[in-house]
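Trainee: My file is my_file_22.tsv. It has TSV, C-alpha atoms:
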chain	number	residue	atom	x	y	z
A	1	MET	CA	-130.11	-5.66	48.26
A	2	PRO	CA	-128.26	-4.86	45.02
A	3	ALA	CA	-130.02	-5.14	41.68
A	4	PRO	CA	-129.75	-8.44	39.80
A	5	ASN	CA	-126.64	-8.88	37.68
A	6	THR	CA	-128.68	-8.57	34.50
A	7	THR	CA	-129.96	-5.17	35.51
A	8	VAL	CA	-129.03	-2.19	33.34
A	9	ARG	CA	-129.73	1.28	34.72
A	10	ARG	CA	-129.14	4.90	34.13
A	11	SER	CA	-128.52	6.19	37.64
A	12	LEU	CA	-128.65	9.71	38.95
A	13	LEU	CA	-125.81	11.19	40.97
A	14	VAL	CA	-127.05	13.84	43.33
A	15	THR	CA	-125.29	17.02	44.41
A	16	SER	CA	-126.26	19.79	46.77
A	17	ALA	CA	-127.17	23.29	45.57
A	18	THR	CA	-129.32	26.30	46.39
A	19	LEU	CA	-133.03	26.58	45.65
A	20	LEU	CA	-133.99	29.55	43.57
A	21	SER	CA	-136.93	31.46	45.02
A	22	LEU	CA	-138.80	32.64	41.95
A	23	SER	CA	-141.11	35.58	41.46
A	24	VAL	CA	-143.00	35.12	38.23
A	25	THR	CA	-143.93	38.41	36.65
A	26	ALA	CA	-144.01	37.55	32.94
A	27	PRO	CA	-146.98	39.14	31.16
A	28	ALA	CA	-149.76	36.96	29.88
A	29	ALA	CA	-149.59	38.78	26.55
A	30	LEU	CA	-146.54	36.70	25.66
A	31	ALA	CA	-148.50	33.45	25.66
A	32	ALA	CA	-147.93	31.51	22.44
A	33	PRO	CA	-150.77	30.27	20.19
A	34	THR	CA	-152.60	27.21	21.44
A	35	PRO	CA	-152.40	23.99	19.39
A	36	SER	CA	-155.74	23.00	17.91
A	37	THR	CA	-157.86	20.61	19.94
A	38	SER	CA	-161.09	18.72	19.33
A	39	PRO	CA	-164.37	20.17	20.70
A	40	THR	CA	-164.38	17.55	23.45
A	41	ALA	CA	-160.87	18.44	24.59
A	42	THR	CA	-161.41	21.92	25.96
A	43	PRO	CA	-159.59	22.88	29.15
A	44	PRO	CA	-161.41	24.76	31.91
A	45	ALA	CA	-161.34	28.53	31.65
A	46	ARG	CA	-160.00	28.66	35.21
A	47	MET	CA	-157.54	26.26	36.73
A	48	SER	CA	-155.31	26.17	39.79
A	49	THR	CA	-152.69	28.90	40.05
A	50	VAL	CA	-150.32	26.93	42.27
A	51	GLY	CA	-146.88	27.82	41.00
A	52	GLY	CA	-147.97	31.05	39.36
A	53	ALA	CA	-150.91	32.78	37.69
A	54	ARG	CA	-149.71	31.92	34.19
A	55	LEU	CA	-149.98	28.21	34.95
A	56	GLY	CA	-153.70	28.57	35.65
A	57	MET	CA	-154.40	29.96	32.19
A	58	PRO	CA	-155.62	27.71	29.37
A	59	GLY	CA	-153.40	27.38	26.33
A	60	THR	CA	-149.66	27.50	25.87
A	61	GLN	CA	-147.66	29.71	28.19
A	62	VAL	CA	-144.13	30.69	27.17
A	63	ASN	CA	-142.12	33.89	27.16
A	64	LEU	CA	-140.99	34.56	23.61
A	65	ALA	CA	-137.91	36.74	23.28
A	66	PRO	CA	-134.87	37.08	21.02
A	67	GLY	CA	-132.71	33.98	21.31
A	68	VAL	CA	-135.53	31.79	22.66
A	69	PRO	CA	-136.27	28.90	20.27
A	70	VAL	CA	-139.79	28.46	18.94
A	71	LEU	CA	-141.80	25.64	20.48
A	72	PRO	CA	-142.45	22.58	18.31
A	73	LYS	CA	-145.51	23.26	16.16
A	74	ASP	CA	-146.88	19.73	15.99
A	75	LEU	CA	-147.63	19.13	19.68
A	76	THR	CA	-151.08	17.60	20.20
A	77	ALA	CA	-151.09	16.70	23.91
A	78	ARG	CA	-153.94	18.09	25.96
A	79	SER	CA	-151.48	19.11	28.65
A	80	TRP	CA	-147.71	19.35	29.03
A	81	ILE	CA	-145.06	21.11	31.09
A	82	VAL	CA	-141.29	21.64	30.78
A	83	SER	CA	-139.39	22.55	33.93
A	84	ASP	CA	-135.87	22.84	35.31
A	85	ALA	CA	-135.66	20.01	37.83
A	86	GLU	CA	-133.10	21.77	40.00
A	87	SER	CA	-134.25	25.39	40.13
A	88	GLY	CA	-137.95	24.55	39.84
A	89	GLU	CA	-138.46	27.08	37.04
A	90	VAL	CA	-141.28	26.19	34.64
A	91	LEU	CA	-139.88	27.04	31.22
A	92	ALA	CA	-143.13	26.52	29.30
A	93	ALA	CA	-146.49	24.85	29.82
A	94	HIS	CA	-149.75	24.01	28.11
A	95	ASN	CA	-152.83	23.60	30.33
A	96	ALA	CA	-150.49	22.64	33.16
A	97	HIS	CA	-153.24	22.38	35.80
A	98	TRP	CA	-155.86	20.64	33.64
A	99	ARG	CA	-157.17	17.80	35.83
A	100	LEU	CA	-157.04	14.67	33.68
A	101	PRO	CA	-156.88	10.90	34.26
A	102	PRO	CA	-153.22	10.11	34.99
A	103	ALA	CA	-153.00	6.39	34.18
A	104	SER	CA	-149.88	4.68	35.55
A	105	THR	CA	-147.92	7.90	35.96
A	106	LEU	CA	-149.80	8.01	39.28
A	107	LYS	CA	-147.49	5.17	40.34
A	108	MET	CA	-144.84	7.86	40.90
A	109	LEU	CA	-146.95	9.12	43.81
A	110	PHE	CA	-147.50	5.54	44.97
A	111	ALA	CA	-143.77	4.87	44.98
A	112	ASP	CA	-142.85	8.18	46.59
A	113	THR	CA	-145.35	7.41	49.35
A	114	VAL	CA	-144.71	3.70	49.99
A	115	LEU	CA	-141.06	3.09	49.02
A	116	PRO	CA	-139.65	4.36	52.34
A	117	ARG	CA	-141.73	1.92	54.38
A	118	PHE	CA	-140.16	-1.46	53.56
A	119	PRO	CA	-136.52	-2.53	53.25
A	120	GLN	CA	-135.68	-4.02	49.87
A	121	SER	CA	-134.83	-7.38	51.47
A	122	THR	CA	-138.27	-7.83	53.06
A	123	GLU	CA	-140.01	-10.90	51.66
A	124	HIS	CA	-143.74	-11.42	51.29
A	125	LYS	CA	-145.75	-14.55	50.45
A	126	VAL	CA	-148.64	-13.58	48.19
A	127	ALA	CA	-152.10	-14.44	49.45
A	128	PRO	CA	-155.15	-14.55	47.13
A	129	SER	CA	-156.55	-11.47	48.87
A	130	ASP	CA	-153.42	-9.51	47.90
A	131	LEU	CA	-154.46	-9.56	44.26
A	132	LYS	CA	-158.11	-8.74	44.84
A	133	GLY	CA	-159.27	-5.71	42.90
A	134	VAL	CA	-156.64	-5.72	40.17
A	135	GLY	CA	-158.49	-4.19	37.24
A	136	VAL	CA	-159.48	-6.22	34.19
A	137	GLY	CA	-156.94	-5.73	31.43
A	138	SER	CA	-154.39	-4.24	33.83
A	139	SER	CA	-150.71	-4.27	33.05
A	140	VAL	CA	-149.17	-6.97	35.23
A	141	VAL	CA	-145.73	-8.38	35.92
A	142	GLY	CA	-147.04	-11.88	36.62
A	143	ILE	CA	-147.31	-12.14	40.43
A	144	LYS	CA	-148.39	-15.64	41.44
A	145	GLU	CA	-150.49	-16.55	44.46
A	146	GLY	CA	-148.54	-18.53	47.02
A	147	ALA	CA	-145.17	-17.37	45.70
A	148	THR	CA	-142.75	-15.33	47.79
A	149	TYR	CA	-141.25	-12.10	46.48
A	150	SER	CA	-138.78	-9.60	47.86
A	151	VAL	CA	-139.81	-5.97	48.10
A	152	HIS	CA	-136.95	-5.26	45.70
A	153	ASP	CA	-138.51	-7.50	43.05
A	154	LEU	CA	-141.97	-6.06	43.62
A	155	TRP	CA	-140.65	-2.54	42.93
A	156	LEU	CA	-138.95	-3.76	39.77
A	157	GLY	CA	-142.38	-5.03	38.71
A	158	VAL	CA	-143.94	-1.64	39.47
A	159	PHE	CA	-141.37	0.49	37.67
A	160	LEU	CA	-140.40	-1.67	34.71
A	161	ARG	CA	-143.66	-3.40	33.82
A	162	SER	CA	-146.08	-1.01	35.53
A	163	GLY	CA	-147.44	-4.08	37.26
A	164	ASN	CA	-150.76	-3.38	38.95
A	165	ASP	CA	-150.45	-6.78	40.60
A	166	ALA	CA	-147.21	-5.68	42.26
A	167	VAL	CA	-148.86	-2.42	43.34
A	168	HIS	CA	-151.70	-4.29	45.00
A	169	VAL	CA	-149.35	-6.62	46.87
A	170	LEU	CA	-147.34	-3.67	48.19
A	171	SER	CA	-150.59	-1.89	49.08
A	172	GLN	CA	-151.74	-4.87	51.13
A	173	MET	CA	-148.39	-4.86	52.92
A	174	ASN	CA	-149.01	-1.16	53.64
A	175	GLY	CA	-152.32	-1.83	55.36
A	176	GLY	CA	-154.60	-2.34	52.38
A	177	VAL	CA	-155.68	-0.45	49.27
A	178	LYS	CA	-157.93	1.95	51.17
A	179	GLN	CA	-155.15	2.91	53.58
A	180	THR	CA	-152.66	3.30	50.74
A	181	VAL	CA	-155.01	5.54	48.77
A	182	GLN	CA	-155.41	7.75	51.85
A	183	ASP	CA	-151.65	7.82	52.39
A	184	MET	CA	-151.13	8.84	48.77
A	185	GLN	CA	-153.75	11.58	49.03
A	186	ASP	CA	-152.14	12.92	52.19
A	187	HIS	CA	-148.72	12.93	50.54
A	188	ALA	CA	-150.08	14.69	47.46
A	189	GLU	CA	-151.47	17.43	49.68
A	190	GLU	CA	-148.12	17.72	51.47
A	191	LEU	CA	-146.45	18.20	48.08
A	192	GLN	CA	-149.07	20.85	47.21
A	193	ALA	CA	-150.28	18.67	44.35
A	194	LEU	CA	-153.82	19.94	44.75
A	195	ASP	CA	-155.12	18.85	41.33
A	196	THR	CA	-154.85	15.20	42.35
A	197	ASP	CA	-157.66	12.99	43.62
A	198	VAL	CA	-156.50	9.42	44.29
A	199	VAL	CA	-159.01	6.59	43.91
A	200	SER	CA	-156.78	3.63	43.06
A	201	PRO	CA	-153.09	3.23	43.96
A	202	ASP	CA	-152.10	1.96	40.51
A	203	GLY	CA	-153.63	4.67	38.30
A	204	TYR	CA	-156.19	2.28	36.78
A	205	ASP	CA	-159.16	4.20	35.38
A	206	ALA	CA	-161.59	5.01	38.18
A	207	PRO	CA	-164.36	7.61	38.42
A	208	GLY	CA	-163.03	10.82	39.88
A	209	GLN	CA	-159.35	9.86	39.68
A	210	VAL	CA	-157.47	12.83	38.24
A	211	SER	CA	-154.14	14.59	38.37
A	212	SER	CA	-152.36	17.16	36.19
A	213	ALA	CA	-149.10	17.62	34.32
A	214	TYR	CA	-148.04	20.02	37.07
A	215	ASP	CA	-148.79	17.54	39.88
A	216	LEU	CA	-147.15	14.61	38.10
A	217	THR	CA	-144.01	16.71	37.78
A	218	LEU	CA	-144.11	17.40	41.52
A	219	PHE	CA	-144.37	13.66	42.19
A	220	ALA	CA	-141.38	12.93	39.96
A	221	ARG	CA	-139.29	15.70	41.52
A	222	SER	CA	-140.08	14.44	45.01
A	223	GLY	CA	-139.45	10.81	44.14
A	224	LEU	CA	-136.08	11.60	42.62
A	225	GLN	CA	-134.86	12.66	46.06
A	226	LYS	CA	-134.80	8.96	46.96
A	227	LYS	CA	-131.93	6.79	45.75
A	228	ASP	CA	-134.13	3.69	45.42
A	229	PHE	CA	-136.66	5.62	43.35
A	230	ARG	CA	-133.86	6.87	41.08
A	231	ASP	CA	-132.42	3.39	40.70
A	232	TYR	CA	-135.73	1.71	39.89
A	233	CYS	CA	-137.02	4.32	37.46
A	234	SER	CA	-133.72	4.28	35.54
A	235	THR	CA	-133.47	0.48	35.26
A	236	VAL	CA	-133.74	-0.71	31.65
A	237	SER	CA	-134.00	-4.46	32.22
A	238	ALA	CA	-133.86	-6.94	35.08
A	239	THR	CA	-134.60	-10.51	36.04
A	240	PHE	CA	-138.01	-11.15	37.59
A	241	GLY	CA	-138.49	-14.74	38.64
A	242	SER	CA	-137.24	-16.82	35.72
A	243	ALA	CA	-137.89	-14.17	33.08
A	244	GLU	CA	-136.29	-10.94	31.96
A	245	ILE	CA	-138.47	-7.86	32.14
A	246	ARG	CA	-137.81	-4.65	30.24
A	247	ASN	CA	-138.80	-1.10	31.06
A	248	THR	CA	-141.81	0.06	29.05
A	249	ASN	CA	-140.53	3.67	29.09
A	250	ARG	CA	-139.51	3.83	25.42
A	251	LEU	CA	-137.26	6.86	25.81
A	252	LEU	CA	-135.24	4.74	28.25
A	253	SER	CA	-135.37	1.33	26.54
A	254	GLY	CA	-135.97	2.33	22.92
A	255	ASP	CA	-138.34	1.00	20.27
A	256	THR	CA	-138.44	0.58	16.51
A	257	ASP	CA	-139.67	4.14	15.98
A	258	VAL	CA	-138.27	5.79	19.14
A	259	PRO	CA	-134.54	5.89	19.87
A	260	VAL	CA	-133.18	6.01	23.40
A	261	TYR	CA	-133.16	9.68	24.37
A	262	GLN	CA	-129.70	11.06	25.13
A	263	GLY	CA	-129.37	11.70	28.86
A	264	ILE	CA	-132.69	10.08	29.84
A	265	ALA	CA	-132.89	8.63	33.36
A	266	GLY	CA	-136.58	7.77	34.00
A	267	VAL	CA	-139.33	8.41	35.17
A	268	LYS	CA	-142.75	6.76	34.44
A	269	ASN	CA	-145.20	6.13	31.62
A	270	GLY	CA	-148.89	5.21	31.54
A	271	ASN	CA	-151.73	4.38	29.17
A	272	THR	CA	-155.40	3.63	29.79
A	273	THR	CA	-158.63	3.99	27.84
A	274	HIS	CA	-159.70	7.23	29.53
A	275	ALA	CA	-156.29	8.74	30.16
A	276	GLY	CA	-154.74	7.99	26.82
A	277	ALA	CA	-150.95	7.97	26.93
A	278	THR	CA	-149.20	9.85	29.74
A	279	PHE	CA	-145.53	10.23	30.56
A	280	THR	CA	-143.12	12.06	32.85
A	281	GLY	CA	-139.41	11.97	32.04
A	282	VAL	CA	-136.18	13.37	33.47
A	283	ALA	CA	-133.05	13.94	31.40
A	284	GLU	CA	-129.70	15.75	31.61
A	285	ARG	CA	-127.53	17.56	29.09
A	286	ASN	CA	-124.60	19.87	29.63
A	287	GLY	CA	-125.20	20.06	33.35
A	288	LYS	CA	-128.90	20.94	33.03
A	289	VAL	CA	-131.61	18.59	34.32
A	290	LEU	CA	-135.12	18.92	32.91
A	291	LEU	CA	-138.46	17.33	33.76
A	292	VAL	CA	-141.10	16.97	31.03
A	293	THR	CA	-144.66	15.71	31.51
A	294	VAL	CA	-146.99	15.03	28.58
A	295	MET	CA	-150.64	13.97	28.93
A	296	ASN	CA	-152.88	12.45	26.27
A	297	PRO	CA	-151.62	13.38	22.79
A	298	GLU	CA	-154.54	13.63	20.37
A	299	LYS	CA	-152.37	12.33	17.54
A	300	HIS	CA	-152.80	8.59	17.88
A	301	GLU	CA	-149.59	7.41	16.26
A	302	HIS	CA	-147.47	4.68	17.78
A	303	ASN	CA	-145.37	6.01	20.69
A	304	GLU	CA	-146.64	9.56	20.11
A	305	VAL	CA	-146.34	10.49	23.80
A	306	TYR	CA	-142.61	9.74	23.68
A	307	LYS	CA	-142.12	11.59	20.41
A	308	GLU	CA	-143.76	14.73	21.77
A	309	THR	CA	-141.81	14.41	25.02
A	310	ALA	CA	-138.53	14.18	23.09
A	311	LYS	CA	-139.41	17.32	21.13
A	312	LEU	CA	-140.13	19.19	24.35
A	313	PHE	CA	-136.87	17.99	25.89
A	314	ASP	CA	-135.00	19.20	22.80
A	315	TRP	CA	-136.70	22.59	23.07
A	316	GLY	CA	-136.06	22.80	26.79
A	317	PHE	CA	-132.34	22.12	26.51
A	318	GLN	CA	-132.09	24.83	23.84
A	319	ALA	CA	-134.20	27.29	25.85
A	320	VAL	CA	-132.94	26.81	29.40
A	321	GLY	CA	-130.88	29.81	30.47
A	322	LYS	CA	-132.46	31.93	27.75
A	323	VAL	CA	-136.20	31.84	28.43
A	324	ASN	CA	-137.85	33.55	31.40
A	325	ALA	CA	-139.94	31.23	33.55
A	326	VAL	CA	-143.73	31.25	33.45
A	327	GLY	CA	-144.06	29.68	36.88
A	328	GLU	CA	-142.34	27.45	39.42
A	329	LEU	CA	-142.56	24.02	40.98
A	330	VAL	CA	-143.59	24.72	44.54
A	331	PRO	CA	-141.91	23.08	47.55
A	332	PRO	CA	-143.78	20.81	49.97
A	333	LYS	CA	-145.79	22.47	52.70
A	334	SER	CA	-143.39	21.18	55.35
A	335	ALA	CA	-140.61	23.32	53.90
A	336	SER	CA	-141.99	26.35	55.70
A	337	SER	CA	-141.56	24.63	59.06
A	338	THR	CA	-137.82	24.26	58.45
A	339	ALA	CA	-137.21	27.70	56.97
A	340	SER	CA	-135.80	29.11	60.21
A	341	GLN	CA	-133.51	26.15	60.89
A	342	PRO	CA	-129.83	26.22	59.97
A	343	GLY	CA	-128.94	24.65	56.64
A	344	PRO	CA	-127.51	21.13	56.40
A	345	SER	CA	-123.81	20.60	56.16
A	346	THR	CA	-122.68	19.51	52.73
A	347	SER	CA	-119.71	17.76	54.32
A	348	ALA	CA	-121.98	14.89	55.32
A	349	ALA	CA	-122.21	12.96	52.06
A	350	GLN	CA	-125.38	11.01	52.63
A	351	ASP	CA	-128.39	10.32	50.48
A	352	PRO	CA	-131.68	11.83	51.71
A	353	GLY	CA	-133.51	8.61	50.97
A	354	GLN	CA	-130.96	6.67	52.99
A	355	ALA	CA	-131.36	8.98	55.99
A	356	ALA	CA	-135.12	8.52	55.93
A	357	GLY	CA	-134.78	4.77	55.81
A	358	THR	CA	-135.81	4.40	52.17
A	359	GLY	CA	-132.77	2.53	51.00
A	360	GLY	CA	-133.11	-0.68	52.91
A	361	PRO	CA	-130.30	-3.16	53.33
A	362	GLY	CA	-127.69	-3.04	50.62
A	363	SER	CA	-128.81	0.30	49.19
A	364	LYS	CA	-125.74	2.54	49.39
A	365	PRO	CA	-125.04	5.99	47.96
A	366	VAL	CA	-122.84	5.89	44.88
A	367	ALA	CA	-119.98	8.36	44.89
A	368	SER	CA	-118.41	7.32	41.61
A	369	ALA	CA	-118.72	4.71	38.91
A	370	THR	CA	-117.30	3.63	35.59
A	371	ALA	CA	-119.44	3.73	32.46
A	372	ALA	CA	-119.83	0.57	30.45
A	373	SER	CA	-121.91	-0.49	27.50
A	374	GLY	CA	-125.27	-1.90	28.50
A	375	SER	CA	-125.68	-5.67	28.42
A	376	SER	CA	-129.03	-5.08	26.72
A	377	GLY	CA	-127.29	-3.28	23.86
A	378	VAL	CA	-129.14	0.02	24.29
A	379	GLY	CA	-127.01	2.87	22.94
A	380	ILE	CA	-123.56	4.01	24.04
A	381	ALA	CA	-122.79	4.39	27.73
A	382	LEU	CA	-122.43	7.89	29.11
A	383	ALA	CA	-119.35	9.09	30.97
A	384	VAL	CA	-119.77	9.33	34.71
A	385	ALA	CA	-118.21	11.24	37.57
A	386	GLY	CA	-118.46	11.30	41.34
A	387	GLY	CA	-120.83	13.59	43.19
A	388	LEU	CA	-121.67	14.50	46.77
A	389	LEU	CA	-124.99	13.53	48.26
A	390	VAL	CA	-126.46	15.97	50.72
A	391	LEU	CA	-128.56	15.04	53.74
A	392	LEU	CA	-131.79	16.99	54.15
A	393	GLY	CA	-133.41	15.97	57.41
A	394	GLY	CA	-136.56	13.90	57.11
A	395	GLY	CA	-136.87	14.54	53.38
A	396	ALA	CA	-137.74	18.21	53.95
A	397	PHE	CA	-135.74	21.05	52.52
A	398	LEU	CA	-135.14	24.63	53.47
A	399	VAL	CA	-136.88	27.48	51.74
A	400	ASN	CA	-134.31	29.16	49.49
A	401	ARG	CA	-132.37	25.92	49.24
A	402	ARG	CA	-132.67	23.69	46.23
A	403	TRP	CA	-133.66	20.06	46.41
A	404	PRO	CA	-130.74	17.72	45.72
A	405	LEU	CA	-131.48	16.64	42.17
A	406	PRO	CA	-129.17	14.95	39.67
A	407	ASP	CA	-126.57	17.11	38.02
A	408	LEU	CA	-125.07	14.21	36.13
A	409	MET	CA	-126.71	11.07	34.78
A	410	ARG	CA	-125.12	7.98	33.51
A	411	ARG	CA	-125.98	4.53	32.29
A	412	ARG	CA	-124.29	1.78	34.22
A	413	ALA	CA	-124.17	-1.88	33.27
A	414	ARG	CA	-123.39	-4.62	35.70
A	415	PRO	CA	-121.67	-7.61	34.07
Could you render the structure from this file as structure tokens?

Mentor:
Amino acid sequence: MPAPNTTVRRSLLVTSATLLSLSVTAPAALAAPTPSTSPTATPPARMSTVGGARLGMPGTQVNLAPGVPVLPKDLTARSWIVSDAESGEVLAAHNAHWRLPPASTLKMLFADTVLPRFPQSTEHKVAPSDLKGVGVGSSVVGIKEGATYSVHDLWLGVFLRSGNDAVHVLSQMNGGVKQTVQDMQDHAEELQALDTDVVSPDGYDAPGQVSSAYDLTLFARSGLQKKDFRDYCSTVSATFGSAEIRNTNRLLSGDTDVPVYQGIAGVKNGNTTHAGATFTGVAERNGKVLLVTVMNPEKHEHNEVYKETAKLFDWGFQAVGKVNAVGELVPPKSASSTASQPGPSTSAAQDPGQAAGTGGPGSKPVASATAASGSSGVGIALAVAGGLLVLLGGGAFLVNRRWPLPDLMRRRARP
């Protein structure tokens, strides 16, 4: 089912390429000074070393060298990570494996887990039990008992308004909240996101629910393999019922003190009492695609998480190709089982999400498009070009082959 006519999105065109197998040997002595933190915001002395030993060290990890720009000095987030979405290189990180409450950024894992299971055109009549357990004060999109919604509309509610009510309805369709939490935990382990303990599917504060900047980046990178995920997370505004809803990702939709970030194309924001503000974003410039995750800035200014993310994006685009990596984004565990199989043919221009059944009716790979100014008036449209989509069987990928991530992003408006 295509998006509503009022929908504005920055979509990701996907091309095939080769995964860089990284060996991280940068010395710890090159770690940059750590931004000051309050006494209650002290990271563990030892953290996970998934992705490299440097990533398990507290403090800021970056390889300083001639030609490498200096990191922004006014970063206050407890944890952050800047990585090359295509190669998987981690360009710099700060407490990357610190296990912290994730807030609604955990919805990236929810979507990556559940999106493939229901065609967009599937309709569901909401029963009172579907909304049971939605946390007090939750962000909601306004699901009404007794009303019927398409899966397409429910996902718009999840991605644009971070609607916990939409998450709970989809969870009930998936066999219930308990089953969905288990499915999410299993998928996190498959992605080697070992810092993550899932308690609620929506990211609402719950005892023991934690993730990390590293894991959230893995969720985003995995989700971006799916066309539907890319479309939803890059949608600026859409019609939901009789109302227009707008994406709460301020780098995508803009705000009075935060301009739309050039090249932004998603992914997901969050904010709760215990988590503070959290955000994972993906953006492209000059053929480079970066992922940035920021968790809980201690500077409590309006939209601070987006401001710090934008600074890290700026640094990353200046540093990529110049700075040596401090770690890598690891592949899913299932990659090893396909390592000995022959590589996929790039002549078959299919979307991996489509092949796995994630697209649903009406969800077709886009080979080319024409840029237009957004009907919501957000910024100037970006130029677009066609791109091949590569099929990787069952969503897995071969070791030493790169995941198909966007090499060109554009904003597209539908009149």

Trainee: Find the spatial neighbours of Ala193 of chain A, counting only C-alpha atoms, within a cut-off of 12 Å - ignore same-chain residues fewer than 3 positions away - and output them as an mmCIF file with C-alpha atoms, in the coordinates of the input.

Mentor:
data_model
loop_
_atom_site.group_PDB
_atom_site.id
_atom_site.type_symbol
_atom_site.label_atom_id
_atom_site.label_comp_id
_atom_site.auth_asym_id
_atom_site.auth_seq_id
_atom_site.Cartn_x
_atom_site.Cartn_y
_atom_site.Cartn_z
ATOM 1 C CA SER A 48 -155.310 26.170 39.790
ATOM 2 C CA THR A 49 -152.690 28.900 40.050
ATOM 3 C CA VAL A 50 -150.320 26.930 42.270
ATOM 4 C CA GLY A 51 -146.880 27.820 41.000
ATOM 5 C CA ALA A 96 -150.490 22.640 33.160
ATOM 6 C CA HIS A 97 -153.240 22.380 35.800
ATOM 7 C CA ARG A 99 -157.170 17.800 35.830
ATOM 8 C CA LEU A 106 -149.800 8.010 39.280
ATOM 9 C CA LEU A 109 -146.950 9.120 43.810
ATOM 10 C CA MET A 184 -151.130 8.840 48.770
ATOM 11 C CA GLN A 185 -153.750 11.580 49.030
ATOM 12 C CA ASP A 186 -152.140 12.920 52.190
ATOM 13 C CA HIS A 187 -148.720 12.930 50.540
ATOM 14 C CA ALA A 188 -150.080 14.690 47.460
ATOM 15 C CA GLU A 189 -151.470 17.430 49.680
ATOM 16 C CA GLU A 190 -148.120 17.720 51.470
ATOM 17 C CA THR A 196 -154.850 15.200 42.350
ATOM 18 C CA ASP A 197 -157.660 12.990 43.620
ATOM 19 C CA VAL A 198 -156.500 9.420 44.290
ATOM 20 C CA VAL A 210 -157.470 12.830 38.240
ATOM 21 C CA SER A 211 -154.140 14.590 38.370
ATOM 22 C CA SER A 212 -152.360 17.160 36.190
ATOM 23 C CA ALA A 213 -149.100 17.620 34.320
ATOM 24 C CA TYR A 214 -148.040 20.020 37.070
ATOM 25 C CA ASP A 215 -148.790 17.540 39.880
ATOM 26 C CA LEU A 216 -147.150 14.610 38.100
ATOM 27 C CA THR A 217 -144.010 16.710 37.780
ATOM 28 C CA LEU A 218 -144.110 17.400 41.520
ATOM 29 C CA PHE A 219 -144.370 13.660 42.190
ATOM 30 C CA ALA A 220 -141.380 12.930 39.960
ATOM 31 C CA ARG A 221 -139.290 15.700 41.520
ATOM 32 C CA SER A 222 -140.080 14.440 45.010
ATOM 33 C CA LEU A 329 -142.560 24.020 40.980
ATOM 34 C CA VAL A 330 -143.590 24.720 44.540
ATOM 35 C CA PRO A 331 -141.910 23.080 47.550
ATOM 36 C CA PRO A 332 -143.780 20.810 49.970
ATOM 37 C CA LYS A 333 -145.790 22.470 52.700
#

Trainee: Looking at only C-alpha atoms, which of A:Val258, A:Val326, A:Leu170, A:Val68 is the one that sits closest to Gly88 of chain A?

Mentor: A:Val326

Trainee: What residues have an atom no more than 12 Å from (-146.3, 27.5, 30.5) in the file's own frame, counting all atoms listed in the file, and can you write them as a PyMOL selection string?

Mentor: chain A and resi 24+26-28+30-34+49+51-64+71+79-83+89-97+213-214+292-293+316+323-329

Trainee: Between A:Lys322, A:His300, A:Lys125, A:Arg161, which is the closest to Glu145 of chain A once you count all atoms listed in the file?

Mentor: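 Among the listed residues, the smallest separation from Glu145 of chain A belongs to A:Lys125.
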
Trainee: Measure the distance from atom CA of Gly142 of chain A to atom CA of Asp165 of chain A in Å and round it to one decimal.

Mentor: 7.3 Å

Trainee: In Å, with one decimal, what is the gap from atom CA of Ala77 of chain A to atom CA of Leu251 of chain A?

Mentor: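 Pair atom CA of Ala77 of chain A / atom CA of Leu251 of chain A returns 17.1 Å.
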
Trainee: Could you tell me how far atom CA of Ala166 of chain A sits from atom CA of Tyr204 of chain A, in Å to one decimal place?

Mentor: 13.2 Å

Trainee: Can you work out which one of A:Lys311, A:Gly146, A:Val294, A:Gln209 has the shortest atom-to-atom distance to Asp195 of chain A, counting all atoms listed in the file?

Mentor: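 The shortest atom-to-atom distance to Asp195 of chain A comes from A:Gln209.
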
Trainee: With all atoms listed in the file as the atoms that count, which of A:His302, A:Val320, A:Cys233, A:Gly276 lies nearest to Asp255 of chain A?

Mentor: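 Among the listed residues, the smallest separation from Asp255 of chain A belongs to A:His302.
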
Trainee: Would you please work out which residue, of A:Gly263, A:Glu298, A:Trp98, A:Leu160, is nearest to Glu244 of chain A when using all atoms listed in the file?

Mentor: A:Leu160
